Amino acid sequence: MPLLRRLLWPLLLLPCAGTAAVLYAGAKAGLSSAWTATALLVPISFGLVYAGIAHVYRNWSQPPASTFLRGSLVAPEPVLLVSRGGYLTPGSAFFTRNELVLFAGGRRIATLPFEHVAAVRLLRGKLLRTPYLDFVAKDGRRLGRLAVESAEAWQPLVADLCLRGRG
């Protein structure tokens, strides 16, 4: 789950830092222990939200059954799909010679035939440096972006497969 940790650590770190600041200011101002207990509810509640998101992500990122893996060139890996509309879909992905296959919760949810892809670019997020594969269609529009830890290894292979699909 390195991808999840990379993308979601601010959800836990920022509330904890805010609570520490509130506790420090409360101690300086001489607030009662009731305020201290209330301030501690903030990181606890965000910790519960983080645990819930991690559980959902783990369930959605389950690799598919081995019957779906025929022809796969790489092992299924946890990914996060960022669609053109900005929607985030956690899942598991792998690719074959002809297509990229995305599963969520063990079910196939998307297939991207390489014959429709003109370019595959390797990008990194600005703040968290998350590695992405950016898929561009033949007409120039962006098909989607796939966050995957193995993006550097996948990019040359997928780009080569896309070139072969055009030829």
# chains A, B, ... in the order shown; residues from 1 in each chain; ligands from 1

call {"tool": "select_by_dssp", "arguments": {"residues": "stretch 1-131 of chain A", "states": "helix (DSSP H, G or I)", "output": "ChimeraX atom specification"}}
result
/A:2-29,33-60,66-69,114-116

call {"tool": "residues_around", "arguments": {"residues": "A:Arg164", "least_positions_apart": "4", "cutoff": "10 Å", "atoms": "only C-alpha atoms", "output": "number ranges by chain"}}
result
A: 97-98, 114-115, 158-160

call {"tool": "residues_around", "arguments": {"residues": "stretch 124-132 of chain A", "least_positions_apart": "5", "cutoff": "7 Å", "atoms": "only C-alpha atoms", "output": "count of residues only"}}
result
7

call {"tool": "select_by_dssp", "arguments": {"residues": "chain A", "states": "strand (DSSP E)", "output": "JSON, numbers by chain"}}
result
{"A": [77, 78, 79, 80, 81, 82, 83, 88, 89, 90, 91, 92, 93, 94, 95, 99, 100, 101, 102, 103, 104, 107, 108, 109, 110, 111, 112, 113, 117, 118, 119, 120, 121, 122, 123, 124, 131, 132, 133, 134, 135, 136, 137, 142, 143, 144, 145, 146, 147]}

call {"tool": "residues_around", "arguments": {"residues": "stretch 69-79 of chain A", "least_positions_apart": "5", "cutoff": "8 Å", "atoms": "only C-alpha atoms", "output": "PyMOL selection string"}}
result
chain A and resi 1+3+61-64+90-97+146-149

call {"tool": "residues_around", "arguments": {"residues": "A:Arg142", "least_positions_apart": "6", "cutoff": "12 Å", "atoms": "only C-alpha atoms", "output": "ChimeraX atom specification"}}
result
/A:82-86,116-121,133-136

call {"tool": "residues_around", "arguments": {"residues": "A:Pro113", "least_positions_apart": "5", "cutoff": "9 Å", "atoms": "only C-alpha atoms", "output": "PyMOL selection string"}}
result
chain A and resi 98-101+162+165

call {"tool": "atom_distance", "arguments": {"atom1": "atom CA of A:Leu31", "atom2": "atom CA of A:Leu48"}}
result
26.2 Å

call {"tool": "residues_around", "arguments": {"residues": "A:Thr19", "least_positions_apart": "2", "cutoff": "8 Å", "atoms": "only C-alpha atoms", "output": "list in words"}}
result
Pro15, Cys16, Ala17, Ala21, Val22, Leu23, Ala39, Leu40, Val42 and Pro43 of chain A

call {"tool": "decode", "arguments": {"residues": "stretch 55-120 of chain A", "atoms": "C-alpha atoms", "output": "compact mmCIF listing (two decimals), in the first residue's frame"}}
result
# COMPACT_ATOMS: atom_id res chain seq x y z
CA HIS A 55 -9.83 -0.47 4.48
CA VAL A 56 -11.91 0.53 1.44
CA TYR A 57 -8.77 1.03 -0.67
CA ARG A 58 -7.46 -2.40 0.36
CA ASN A 59 -10.77 -4.01 -0.65
CA TRP A 60 -10.97 -2.19 -3.99
CA SER A 61 -7.30 -2.91 -4.77
CA GLN A 62 -7.63 -6.67 -4.51
CA PRO A 63 -6.01 -8.39 -7.46
CA PRO A 64 -8.43 -10.13 -9.80
CA ALA A 65 -8.92 -13.88 -9.90
CA SER A 66 -6.19 -15.76 -11.72
CA THR A 67 -8.59 -16.59 -14.59
CA PHE A 68 -8.49 -12.90 -15.61
CA LEU A 69 -4.69 -12.79 -15.68
CA ARG A 70 -4.22 -14.79 -18.90
CA GLY A 71 -1.80 -12.93 -21.14
CA SER A 72 -0.77 -10.44 -18.47
CA LEU A 73 2.73 -9.04 -18.96
CA VAL A 74 3.04 -7.69 -15.41
CA ALA A 75 1.63 -8.74 -12.07
CA PRO A 76 -1.51 -6.85 -10.96
CA GLU A 77 -0.61 -3.84 -8.87
CA PRO A 78 -2.66 -1.42 -6.73
CA VAL A 79 -3.39 1.72 -8.73
CA LEU A 80 -5.47 4.85 -8.60
CA LEU A 81 -7.22 5.96 -11.80
CA VAL A 82 -7.73 9.69 -12.24
CA SER A 83 -10.31 10.01 -15.00
CA ARG A 84 -10.81 12.99 -17.31
CA GLY A 85 -13.56 14.29 -15.03
CA GLY A 86 -11.21 14.25 -12.04
CA TYR A 87 -12.80 11.21 -10.40
CA LEU A 88 -10.53 8.93 -8.37
CA THR A 89 -11.00 5.17 -8.62
CA PRO A 90 -8.76 2.88 -6.56
CA GLY A 91 -8.20 -0.51 -8.05
CA SER A 92 -5.76 -3.04 -9.37
CA ALA A 93 -4.34 -2.96 -12.89
CA PHE A 94 -2.19 -4.95 -15.27
CA PHE A 95 -1.64 -4.91 -19.00
CA THR A 96 -1.51 -7.44 -21.79
CA ARG A 97 -0.10 -7.01 -25.29
CA ASN A 98 -3.32 -5.36 -26.45
CA GLU A 99 -4.85 -3.50 -23.50
CA LEU A 100 -4.63 -2.06 -20.02
CA VAL A 101 -7.13 -3.71 -17.67
CA LEU A 102 -8.40 -2.08 -14.47
CA PHE A 103 -10.19 -4.00 -11.72
CA ALA A 104 -11.90 -2.68 -8.60
CA GLY A 105 -13.02 -5.04 -5.87
CA GLY A 106 -12.05 -8.02 -8.04
CA ARG A 107 -14.35 -6.93 -10.92
CA ARG A 108 -13.27 -5.55 -14.27
CA ILE A 109 -14.30 -1.90 -14.53
CA ALA A 110 -12.28 -0.55 -17.45
CA THR A 111 -10.28 -1.73 -20.43
CA LEU A 112 -8.13 0.59 -22.49
CA PRO A 113 -7.16 -0.90 -25.88
CA PHE A 114 -3.68 0.30 -26.85
CA GLU A 115 -4.81 0.89 -30.43
CA HIS A 116 -6.65 4.02 -29.16
CA VAL A 117 -3.58 5.42 -27.36
CA ALA A 118 -1.17 7.75 -29.14
CA ALA A 119 1.20 8.45 -26.25
CA VAL A 120 1.94 7.35 -22.71
